[in-house]
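Shown below: structure.txt, with compact mmCIF, C-alpha atoms and all ligand atoms.
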# COMPACT_ATOMS: atom_id res chain seq x y z
CA MET G 83 -9.45 11.47 -28.34
CA ALA G 84 -10.00 7.74 -27.79
CA GLU G 85 -11.34 6.54 -24.47
CA ALA G 86 -8.73 5.92 -21.79
CA GLN G 87 -6.91 2.66 -21.25
CA VAL G 88 -8.33 1.09 -18.10
CA ILE G 89 -5.35 -0.21 -16.14
CA ASP G 90 -6.22 -3.69 -14.87
CA GLY G 91 -4.84 -3.98 -11.35
CA ASN G 92 -6.00 -7.58 -11.05
CA ALA G 93 -3.91 -8.62 -14.05
CA VAL G 94 -0.79 -6.74 -12.89
CA ALA G 95 -1.19 -8.17 -9.38
CA ALA G 96 -1.59 -11.71 -10.76
CA ARG G 97 1.72 -11.39 -12.62
CA LEU G 98 3.42 -10.15 -9.44
CA ARG G 99 2.00 -13.05 -7.42
CA GLU G 100 3.41 -15.53 -9.95
CA ARG G 101 6.85 -13.98 -9.56
CA VAL G 102 6.51 -14.05 -5.76
CA ALA G 103 5.44 -17.73 -5.78
CA ALA G 104 8.51 -18.66 -7.85
CA LYS G 105 10.78 -16.75 -5.46
CA VAL G 106 9.14 -18.42 -2.46
CA GLU G 107 9.89 -21.85 -3.94
CA GLN G 108 13.49 -20.86 -4.59
CA LEU G 109 14.02 -19.53 -1.04
CA THR G 110 12.28 -22.53 0.50
CA SER G 111 14.46 -25.06 -1.27
CA ALA G 112 17.63 -23.06 -0.59
CA HIS G 113 16.98 -22.47 3.12
CA GLY G 114 14.74 -25.34 4.21
CA ARG G 115 11.88 -23.21 5.47
CA ARG G 116 9.13 -21.09 3.96
CA PRO G 117 9.08 -17.30 4.24
CA GLY G 118 6.81 -16.40 7.16
CA LEU G 119 4.37 -13.54 7.74
CA ALA G 120 2.94 -12.84 11.20
CA THR G 121 -0.39 -11.04 11.31
CA ILE G 122 -1.72 -9.34 14.44
CA LEU G 123 -5.40 -8.50 14.64
CA VAL G 124 -6.57 -6.56 17.69
CA GLY G 125 -10.27 -6.04 18.36
CA ASP G 126 -13.27 -6.96 16.22
CA ASP G 127 -13.42 -4.33 13.47
CA PRO G 128 -15.22 -6.23 10.67
CA ALA G 129 -13.25 -4.55 7.84
CA SER G 130 -9.94 -5.37 9.56
CA GLU G 131 -11.04 -8.99 10.00
CA VAL G 132 -11.75 -9.23 6.26
CA TYR G 133 -8.44 -7.57 5.32
CA VAL G 134 -6.39 -9.89 7.56
CA ARG G 135 -8.20 -12.96 6.25
CA MET G 136 -7.48 -11.88 2.67
CA LYS G 137 -3.81 -11.27 3.47
CA ARG G 138 -3.48 -14.73 5.04
CA ASN G 139 -5.21 -16.35 2.06
CA ASP G 140 -2.95 -14.45 -0.35
CA SER G 141 0.09 -15.64 1.63
CA ALA G 142 -1.05 -19.27 1.54
CA GLU G 143 -1.65 -19.06 -2.20
CA VAL G 144 2.00 -18.17 -2.90
CA GLY G 145 3.45 -20.52 -0.26
CA ILE G 146 4.18 -18.00 2.51
CA GLU G 147 3.59 -19.45 5.97
CA SER G 148 1.34 -17.35 8.16
CA PHE G 149 1.46 -16.99 11.93
CA HIS G 150 -1.73 -15.38 13.13
CA HIS G 151 -2.20 -13.68 16.49
CA GLU G 152 -5.39 -12.28 18.01
CA PRO G 153 -4.37 -11.04 21.44
CA GLY G 154 -7.90 -9.81 22.28
CA GLY G 155 -9.50 -6.38 22.00
CA ASP G 156 -8.60 -5.41 25.57
CA VAL G 157 -4.91 -6.31 25.30
CA SER G 158 -2.64 -3.83 27.08
CA GLU G 159 -0.07 -1.77 25.22
CA GLN G 160 2.66 -3.55 27.17
CA ASP G 161 1.42 -7.03 26.26
CA LEU G 162 1.04 -6.10 22.61
CA GLY G 163 4.54 -4.62 22.67
CA GLU G 164 5.85 -7.87 24.13
CA LEU G 165 4.13 -9.88 21.40
CA ILE G 166 5.81 -7.69 18.77
CA GLY G 167 9.13 -8.26 20.58
CA ARG G 168 8.68 -12.05 20.47
CA LEU G 169 7.87 -11.91 16.74
CA ASN G 170 10.93 -9.70 16.14
CA ALA G 171 13.05 -12.42 17.76
CA ASP G 172 11.38 -15.36 15.97
CA ASP G 173 13.53 -16.50 13.04
CA ARG G 174 10.57 -18.15 11.30
CA VAL G 175 8.87 -14.74 11.05
CA ASP G 176 10.20 -12.58 8.22
CA GLY G 177 7.41 -10.00 8.18
CA ILE G 178 5.12 -8.57 10.86
CA LEU G 179 1.82 -6.99 9.96
CA LEU G 180 0.04 -5.09 12.73
CA GLN G 181 -3.44 -4.50 11.29
CA LEU G 182 -4.52 -0.87 11.70
CA PRO G 183 -6.45 0.92 13.01
CA LEU G 184 -5.91 -0.23 16.59
CA PRO G 185 -8.59 0.15 19.29
CA THR G 186 -8.44 3.64 20.81
CA HIS G 187 -6.78 2.57 24.10
CA LEU G 188 -3.66 1.58 22.15
CA ASP G 189 -1.17 4.14 20.83
CA GLN G 190 -0.34 3.29 17.23
CA ALA G 191 2.52 5.81 17.18
CA ALA G 192 4.15 4.01 20.13
CA LEU G 193 3.57 0.45 18.91
CA VAL G 194 4.43 0.58 15.20
CA PRO G 195 8.05 1.68 15.85
CA LEU G 196 8.56 -1.46 17.97
CA ILE G 197 8.46 -3.56 14.79
CA GLU G 198 11.95 -4.48 13.65
CA PRO G 199 12.49 -2.34 10.48
CA GLY G 200 13.60 -5.39 8.47
CA LYS G 201 10.29 -7.12 9.32
CA ASP G 202 8.15 -4.01 8.80
CA VAL G 203 6.39 -5.24 5.64
CA ASP G 204 3.89 -2.36 5.81
CA GLY G 205 6.78 0.12 5.65
CA LEU G 206 5.25 2.25 8.41
CA THR G 207 8.05 2.47 10.98
CA PRO G 208 9.85 5.81 11.26
CA MET G 209 13.07 4.04 10.23
CA ASN G 210 11.64 2.87 6.90
CA ALA G 211 9.90 6.20 6.27
CA GLY G 212 13.25 7.93 6.92
CA LEU G 213 15.17 5.59 4.65
CA LEU G 214 12.64 6.23 1.87
CA ALA G 215 12.88 10.00 2.38
CA GLN G 216 16.67 9.74 2.12
CA ASP G 217 16.52 7.68 -1.09
CA GLN G 218 18.27 4.77 0.62
CA ILE G 219 18.17 1.37 -0.99
CA GLY G 220 16.60 -1.22 1.27
CA ALA G 221 13.74 0.85 2.65
CA MET G 222 10.58 -1.19 3.05
CA VAL G 223 8.04 0.82 1.07
CA PRO G 224 4.35 0.95 2.11
CA CYS G 225 2.29 -1.40 -0.04
CA THR G 226 -0.25 0.99 -1.59
CA PRO G 227 2.20 3.60 -2.97
CA ALA G 228 4.52 0.81 -4.09
CA GLY G 229 1.54 -0.70 -5.93
CA VAL G 230 0.74 2.63 -7.58
CA MET G 231 4.29 2.78 -8.95
CA GLU G 232 3.92 -0.75 -10.35
CA LEU G 233 0.68 0.25 -12.07
CA LEU G 234 2.31 3.33 -13.63
CA ASP G 235 5.13 1.11 -14.86
CA ALA G 236 2.69 -1.47 -16.25
CA ALA G 237 0.90 1.31 -18.18
CA ASP G 238 4.27 2.51 -19.61
CA VAL G 239 3.93 5.95 -18.05
CA GLU G 240 7.11 7.99 -18.51
CA LEU G 241 7.64 9.67 -15.14
CA ASP G 242 11.02 11.27 -15.77
CA GLY G 243 10.37 14.99 -16.19
CA SER G 244 6.59 14.56 -15.87
CA ARG G 245 4.35 16.71 -13.70
CA ALA G 246 2.58 14.67 -11.04
CA VAL G 247 -0.05 15.67 -8.51
CA VAL G 248 -0.67 13.62 -5.37
CA ILE G 249 -3.89 14.36 -3.47
CA GLY G 250 -3.68 13.23 0.17
CA ARG G 251 -0.84 13.43 2.69
CA SER G 252 -1.22 10.38 4.93
CA ILE G 253 1.87 8.49 6.04
CA LEU G 254 0.26 5.36 4.58
CA VAL G 255 -0.24 6.60 1.01
CA GLY G 256 0.30 10.25 0.05
CA LYS G 257 3.64 11.03 1.68
CA PRO G 258 5.52 7.89 0.63
CA LEU G 259 4.07 8.17 -2.87
CA VAL G 260 5.49 11.67 -3.20
CA GLN G 261 8.93 10.28 -2.27
CA LEU G 262 8.64 7.51 -4.85
CA LEU G 263 7.56 9.89 -7.62
CA LEU G 264 10.40 12.27 -6.78
CA ALA G 265 12.84 9.37 -6.92
CA ALA G 266 11.45 8.59 -10.40
CA ASN G 267 12.30 12.18 -11.43
CA ALA G 268 8.74 13.49 -11.59
CA THR G 269 8.05 17.07 -10.52
CA VAL G 270 5.53 16.59 -7.75
CA THR G 271 2.85 18.88 -6.35
CA HIS G 272 1.46 17.59 -3.07
CA CYS G 273 -2.17 18.54 -2.36
CA HIS G 274 -4.36 18.03 0.69
CA SER G 275 -7.53 19.22 2.37
CA HIS G 276 -6.23 22.80 2.71
CA THR G 277 -5.14 23.11 -0.91
CA ARG G 278 -6.76 25.96 -2.82
CA ASP G 279 -7.69 25.60 -6.50
CA LEU G 280 -7.19 21.84 -6.64
CA GLY G 281 -8.72 21.75 -10.12
CA ALA G 282 -6.28 24.29 -11.55
CA ILE G 283 -3.34 22.37 -10.08
CA CYS G 284 -4.55 19.02 -11.42
CA ARG G 285 -5.16 20.45 -14.90
CA GLU G 286 -1.41 21.12 -15.19
CA ALA G 287 -0.50 17.51 -14.41
CA ASP G 288 0.51 14.57 -16.57
CA VAL G 289 -0.24 12.19 -13.69
CA VAL G 290 -2.91 12.65 -11.00
CA VAL G 291 -3.10 10.30 -8.02
CA ALA G 292 -6.16 10.71 -5.81
CA ALA G 293 -5.85 9.35 -2.25
CA ALA G 294 -8.26 11.50 -0.26
CA GLY G 295 -11.19 9.20 0.53
CA ARG G 296 -13.68 11.65 -1.02
CA PRO G 297 -16.04 10.21 -3.64
CA GLY G 298 -16.29 12.33 -6.80
CA LEU G 299 -13.41 14.63 -5.80
CA VAL G 300 -11.67 14.47 -9.19
CA THR G 301 -13.93 15.34 -12.11
CA ALA G 302 -13.34 15.53 -15.86
CA ASP G 303 -12.93 19.33 -15.86
CA MET G 304 -9.97 18.91 -13.45
CA VAL G 305 -7.81 16.73 -15.69
CA SER G 306 -6.02 17.55 -18.91
CA GLU G 307 -6.53 15.59 -22.14
CA GLY G 308 -4.19 12.62 -22.06
CA ALA G 309 -3.46 12.63 -18.32
CA VAL G 310 -2.95 9.41 -16.39
CA VAL G 311 -5.27 9.15 -13.38
CA ILE G 312 -4.73 6.70 -10.53
CA ASP G 313 -7.57 6.33 -8.06
CA VAL G 314 -6.51 5.10 -4.63
CA GLY G 315 -9.77 6.11 -2.94
CA THR G 316 -11.89 3.31 -1.52
CA ASN G 317 -15.23 4.62 -0.38
CA ARG G 318 -18.24 2.54 0.63
CA THR G 319 -21.37 4.34 -0.58
CA ASP G 320 -25.01 3.39 -1.20
CA ALA G 321 -23.97 2.88 -4.82
CA GLY G 322 -21.29 0.38 -3.74
CA LEU G 323 -17.51 0.72 -3.62
CA VAL G 324 -16.31 3.87 -5.40
CA GLY G 325 -13.04 5.76 -5.68
CA ASP G 326 -12.24 9.47 -5.47
CA VAL G 327 -12.48 9.93 -9.23
CA ASP G 328 -15.59 10.37 -11.38
CA PHE G 329 -14.60 7.33 -13.44
CA GLU G 330 -16.93 7.70 -16.42
CA GLY G 331 -16.34 11.43 -16.86
CA VAL G 332 -12.56 11.28 -16.47
CA ARG G 333 -12.24 8.15 -18.59
CA ALA G 334 -13.46 10.10 -21.63
CA LYS G 335 -10.55 12.53 -21.28
CA ALA G 336 -7.63 10.66 -19.75
CA ARG G 337 -5.03 8.50 -21.47
CA ALA G 338 -5.16 5.87 -18.75
CA ILE G 339 -7.16 5.39 -15.57
CA THR G 340 -7.52 2.81 -12.79
CA PRO G 341 -10.96 1.45 -11.84
CA VAL G 342 -12.34 0.98 -8.33
CA PRO G 343 -12.54 -1.84 -7.53
CA GLY G 344 -9.88 -3.67 -9.54
CA GLY G 345 -7.17 -1.01 -9.71
CA VAL G 346 -4.97 -0.11 -6.75
CA GLY G 347 -6.65 -2.49 -4.25
CA PRO G 348 -5.27 -5.76 -5.68
CA MET G 349 -1.86 -4.14 -5.99
CA THR G 350 -1.78 -3.26 -2.29
CA ARG G 351 -2.37 -6.92 -1.48
CA ALA G 352 0.25 -8.13 -3.95
CA MET G 353 2.89 -5.70 -2.69
CA LEU G 354 2.56 -7.11 0.83
CA LEU G 355 3.67 -10.46 -0.60
CA VAL G 356 6.52 -8.77 -2.49
CA ASN G 357 7.68 -7.04 0.71
CA THR G 358 7.43 -10.26 2.72
CA VAL G 359 9.58 -12.15 0.25
CA ALA G 360 12.13 -9.32 0.15
CA ALA G 361 12.25 -9.39 3.96
CA ALA G 362 12.65 -13.18 3.92
CA GLN G 363 15.46 -13.01 1.41
CA ALA G 364 17.36 -10.53 3.58
CA ASN G 365 16.62 -12.46 6.78
CA MET G 366 17.64 -15.81 5.29
CA ALA G 367 20.83 -14.32 3.84
CA GLY G 368 21.63 -13.17 7.39
CA GLY G 369 21.20 -16.72 8.71
CA GLY G 370 17.61 -16.39 9.97
P1 LIG U 1 -6.45 9.61 5.29
O1 LIG U 1 -7.85 9.90 5.75
O2 LIG U 1 -5.40 9.29 6.29
O3 LIG U 1 -5.92 10.84 4.44
C1 LIG U 1 -6.74 11.49 3.51
C2 LIG U 1 -5.96 12.66 2.94
O4 LIG U 1 -6.77 13.28 1.95
C3 LIG U 1 -5.59 13.72 3.96
O5 LIG U 1 -4.21 13.98 3.84
C4 LIG U 1 -6.41 14.95 3.58
O6 LIG U 1 -5.66 16.14 3.72
C5 LIG U 1 -6.72 14.69 2.11
N1 LIG U 1 -8.03 15.23 1.72
C6 LIG U 1 -9.21 15.00 2.32
N2 LIG U 1 -10.18 15.70 1.69
C7 LIG U 1 -9.60 16.38 0.70
C8 LIG U 1 -10.06 17.27 -0.29
N3 LIG U 1 -11.37 17.61 -0.37
N4 LIG U 1 -9.18 17.79 -1.17
C9 LIG U 1 -7.86 17.45 -1.10
N5 LIG U 1 -7.36 16.59 -0.19
C10 LIG U 1 -8.22 16.07 0.71
O7 LIG U 1 -6.63 8.46 4.22
P2 LIG U 1 -5.59 7.38 3.61
O8 LIG U 1 -5.36 6.31 4.59
O9 LIG U 1 -4.43 8.06 2.97
O10 LIG U 1 -6.52 6.79 2.47
C11 LIG U 1 -7.01 7.62 1.43
C12 LIG U 1 -8.02 6.85 0.62
O11 LIG U 1 -7.37 5.75 0.03
C13 LIG U 1 -9.17 6.27 1.44
O12 LIG U 1 -10.34 6.23 0.63
C14 LIG U 1 -8.72 4.86 1.72
O13 LIG U 1 -9.80 3.96 1.94
C15 LIG U 1 -8.01 4.55 0.43
N6 LIG U 1 -6.99 3.51 0.53
C16 LIG U 1 -7.04 2.55 -0.41
C17 LIG U 1 -6.08 1.56 -0.39
C18 LIG U 1 -6.14 0.51 -1.46
O14 LIG U 1 -5.46 -0.48 -1.35
N7 LIG U 1 -6.90 0.71 -2.53
C19 LIG U 1 -5.09 1.54 0.58
C20 LIG U 1 -5.05 2.57 1.52
C21 LIG U 1 -5.99 3.56 1.47

Would you write out, as structure tokens, the structure that this file holds?
Ligand code: NAD
Amino acid sequence: MAEAQVIDGNAVAARLRERVAAKVEQLTSAHGRRPGLATILVGDDPASEVYVRMKRNDSAEVGIESFHHEPGGDVSEQDLGELIGRLNADDRVDGILLQLPLPTHLDQAALVPLIEPGKDVDGLTPMNAGLLAQDQIGAMVPCTPAGVMELLDAADVELDGSRAVVIGRSILVGKPLVQLLLAANATVTHCHSHTRDLGAICREADVVVAAAGRPGLVTADMVSEGAVVIDVGTNRTDAGLVGDVDFEGVRAKARAITPVPGGVGPMTRAMLLVNTVAAAQANMAGGG
């Protein structure tokens, strides 16, 4: 069998950004203001600082206005909650991104639900998770699983009736991805750290998505000839940034595979812009 197609996340993300930029122009001329994204960075985690900077640069590139807040690493839960409340009430702000993880003195599970669901561009509030689980149109879908679905679409993967395996059950990636694959009529097996015989389960699958954060977890002997393998894993190792999939081994067997870096990562960033513009469109239609 020929070597797998390497799905180019940078190219798919670039096409999405072009579409977003056109939509931003359209909304701006129709409503007299740019879509706005508020970012909140708490503490001095270097990775979070880089992620927020990239998100603000991405926003600027497509014409989204950004409102950045750094309330300080020792901010109280009450003050942070009040900041979220002010951003919820601010008509210039269409999306609110609370960069996670938060410092340990702050309760993420108490703060995230304070974000107005219509402005929850990360799709992490219980309301949006519930809407997604109930197949309701209008749910704000978390960026990484939404990006995985775009990549599968770009690679012309037929999901209807397919067998899909998702490895990882976080609320950020694994769980919402299972909902999206079910909605696309795949038959989904959801695996996690307590799953026995992961290899045997994966070998039955047409589509394998690895989101465990374990380098080398998925090896060639675990995938069937012609499977599609999406690698969400982002692991910093001595050898550099690697995914959860043994790329070279699996590439020789799969039909299509995503690289790390350059696969899911750029899609996560692009989907934040997509969500922000969708939030702006709804907000502007409502008079905001
Ligand atoms: P998480 O730590 O919250 O969840 C990891 C999940 O993997 C858990 O549900 C756990 O049960 C499962 N798991 C761990 N070891 C396993 C094993 N040996 N076998 C089967 N399942 C196992 O992580 P997360 O936030 O969901 O992120 C997962 C990975 O995806 C991480 O590497 C993260 O950096 C990466 N990530 C990448 C992007 C991106 O844009 N590319 C976005 C989000 C997360």

Distance filter 9 Å around ligand LIG 1 (chain U), atoms: all atoms listed in the file, out as JSON, numbers by chain: {"G": [225, 226, 227, 229, 248, 249, 250, 251, 252, 253, 254, 255, 256, 257, 273, 274, 275, 276, 277, 278, 280, 292, 293, 294, 295, 296, 297, 299, 313, 314, 315, 316, 317, 318, 324, 325, 326, 342, 343, 344, 345, 346, 347, 348, 349, 350, 351]}

Could you list, as a ChimeraX atom specification, every residue within 6 Å of region 114-123 of chain G, counting all atoms listed in the file and ignoring same-chain residues fewer than 6 positions away? /G:146-152,174-181,362

Suppose you want the space between CA of Asp172 (chain G) and CA of Thr186 (chain G); what is it in Å? 27.9 Å

Closest to Asp303 (chain G) among G:Ala191, G:Val291, G:Val327, G:Leu262, using all atoms listed in the file? G:Val327

At a cut-off of 12 Å, using all atoms listed in the file, what residues contact His113 (chain G)? Leave out same-chain residues fewer than 6 positions from it and give the result as a PDB file with C-alpha atoms, in the coordinates of the input.
ATOM      1  CA  VAL G 106       9.140 -18.420  -2.460  1.00  0.00           C
ATOM      2  CA  GLU G 107       9.890 -21.850  -3.940  1.00  0.00           C
ATOM      3  CA  ARG G 174      10.570 -18.150  11.300  1.00  0.00           C
ATOM      4  CA  ALA G 362      12.650 -13.180   3.920  1.00  0.00           C
ATOM      5  CA  GLN G 363      15.460 -13.010   1.410  1.00  0.00           C
ATOM      6  CA  ALA G 364      17.360 -10.530   3.580  1.00  0.00           C
ATOM      7  CA  ASN G 365      16.620 -12.460   6.780  1.00  0.00           C
ATOM      8  CA  MET G 366      17.640 -15.810   5.290  1.00  0.00           C
ATOM      9  CA  ALA G 367      20.830 -14.320   3.840  1.00  0.00           C
ATOM     10  CA  GLY G 368      21.630 -13.170   7.390  1.00  0.00           C
ATOM     11  CA  GLY G 369      21.200 -16.720   8.710  1.00  0.00           C
ATOM     12  CA  GLY G 370      17.610 -16.390   9.970  1.00  0.00           C
TER      13      GLY G 370
END

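Minimum atom-to-atom distance to Met209 (chain G), evaluated using all atoms listed in the file, belongs to G:Pro195 out of G:Val124, G:Val134, G:Pro195, G:Leu264.
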
Just the residues within 8 Å of region 211-224 of chain G, please, counting only C-alpha atoms, with nothing from its chain fewer than 4 positions along; format it as a PDB file with C-alpha atoms, in the frame of the given file.
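File written: result31.pdb
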ATOM      1  CA  PRO G 199      12.490  -2.340  10.480  1.00  0.00           C
ATOM      2  CA  GLY G 200      13.600  -5.390   8.470  1.00  0.00           C
ATOM      3  CA  ASP G 202       8.150  -4.010   8.800  1.00  0.00           C
ATOM      4  CA  VAL G 203       6.390  -5.240   5.640  1.00  0.00           C
ATOM      5  CA  ASP G 204       3.890  -2.360   5.810  1.00  0.00           C
ATOM      6  CA  GLY G 205       6.780   0.120   5.650  1.00  0.00           C
ATOM      7  CA  LEU G 206       5.250   2.250   8.410  1.00  0.00           C
ATOM      8  CA  THR G 207       8.050   2.470  10.980  1.00  0.00           C
ATOM      9  CA  ALA G 228       4.520   0.810  -4.090  1.00  0.00           C
ATOM     10  CA  LEU G 254       0.260   5.360   4.580  1.00  0.00           C
ATOM     11  CA  VAL G 255      -0.240   6.600   1.010  1.00  0.00           C
ATOM     12  CA  PRO G 258       5.520   7.890   0.630  1.00  0.00           C
ATOM     13  CA  GLN G 261       8.930  10.280  -2.270  1.00  0.00           C
ATOM     14  CA  LEU G 262       8.640   7.510  -4.850  1.00  0.00           C
ATOM     15  CA  ALA G 265      12.840   9.370  -6.920  1.00  0.00           C
ATOM     16  CA  ASN G 357       7.680  -7.040   0.710  1.00  0.00           C
TER      17      ASN G 357
END

Enter the distance from CA of Arg337 (chain G) to CA of Ala84 (chain G), in Å, rounded to one decimal.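 CA of Ala84 (chain G) lies at a distance of 8.1 Å from CA of Arg337 (chain G).
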
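Checking G:Val102, G:Ile283, G:Ala246, G:Met231 one by one against Gly145 (chain G), counting only C-alpha atoms, you find the shortest gap at G:Val102.
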
Find the residue from G:Ala236, G:Gly308, G:Asp161, G:Arg135 that sits nearest to Arg97 (chain G); use all atoms listed in the file when measuring.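 Result for the nearest residue to Arg97 (chain G): G:Ala236.
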
Which residue, G:Val310, G:Val300, G:Val270, G:Leu184, has the smallest gap to Ala86 (chain G) when you use only C-alpha atoms? G:Val310

Gap from CA of Met353 (chain G) to CA of Ala237 (chain G) - Å, one decimal: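 Taking CA of Met353 (chain G) and CA of Ala237 (chain G), their separation equals 17.1 Å.
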
Near region 330-332 of chain G, counting only C-alpha atoms, which residues have an atom at most 10 Å away, once you skip same-chain residues fewer than 5 positions from it, shown as a list in words?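 So, after excluding close chain neighbours, the residues are Glu85, Ala86, Val300, Thr301, Ala302, Asp303, Met304, Val305, Ser306, Glu307, Ala309, Val310, Val311, Arg337, Ala338, Ile339 and Pro341 of chain G.
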
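Distance check against Arg168 (chain G) using only C-alpha atoms: of G:Ala142, G:Ala96, G:Leu196, G:Ala112, the minimum falls on G:Leu196.
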
Complete the atoms of region 129-144 of chain G to N, CA and C atoms and put them out as a compact mmCIF listing (two decimals), keeping the file's coordinate frame.
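The resulting file, result22.txt, is shown below:
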# COMPACT_ATOMS: atom_id res chain seq x y z
N ALA G 129 -14.08 -4.78 9.03
CA ALA G 129 -13.25 -4.55 7.84
C ALA G 129 -11.85 -5.10 8.06
N SER G 130 -11.28 -4.87 9.27
CA SER G 130 -9.94 -5.37 9.56
C SER G 130 -9.90 -6.89 9.51
N GLU G 131 -10.98 -7.52 10.03
CA GLU G 131 -11.04 -8.99 10.00
C GLU G 131 -10.98 -9.49 8.57
N VAL G 132 -11.73 -8.82 7.68
CA VAL G 132 -11.75 -9.23 6.26
C VAL G 132 -10.35 -9.03 5.64
N TYR G 133 -9.75 -7.86 5.92
CA TYR G 133 -8.44 -7.57 5.32
C TYR G 133 -7.40 -8.61 5.76
N VAL G 134 -7.40 -8.93 7.06
CA VAL G 134 -6.39 -9.89 7.56
C VAL G 134 -6.63 -11.27 6.95
N ARG G 135 -7.91 -11.65 6.85
CA ARG G 135 -8.20 -12.96 6.25
C ARG G 135 -7.69 -13.00 4.80
N MET G 136 -7.94 -11.92 4.07
CA MET G 136 -7.48 -11.88 2.67
C MET G 136 -5.96 -11.97 2.59
N LYS G 137 -5.28 -11.27 3.48
CA LYS G 137 -3.81 -11.27 3.47
C LYS G 137 -3.27 -12.66 3.78
N ARG G 138 -3.93 -13.37 4.71
CA ARG G 138 -3.48 -14.73 5.04
C ARG G 138 -3.76 -15.68 3.88
N ASN G 139 -4.92 -15.51 3.22
CA ASN G 139 -5.21 -16.35 2.06
C ASN G 139 -4.22 -16.09 0.92
N ASP G 140 -3.93 -14.80 0.70
CA ASP G 140 -2.95 -14.45 -0.35
C ASP G 140 -1.61 -15.10 -0.05
N SER G 141 -1.20 -15.06 1.23
CA SER G 141 0.09 -15.64 1.63
C SER G 141 0.10 -17.14 1.33
N ALA G 142 -0.99 -17.81 1.74
CA ALA G 142 -1.05 -19.27 1.54
C ALA G 142 -0.96 -19.60 0.06
N GLU G 143 -1.60 -18.78 -0.76
CA GLU G 143 -1.65 -19.06 -2.20
C GLU G 143 -0.25 -19.05 -2.84
N VAL G 144 0.65 -18.22 -2.32
CA VAL G 144 2.00 -18.17 -2.90
C VAL G 144 3.01 -18.96 -2.07
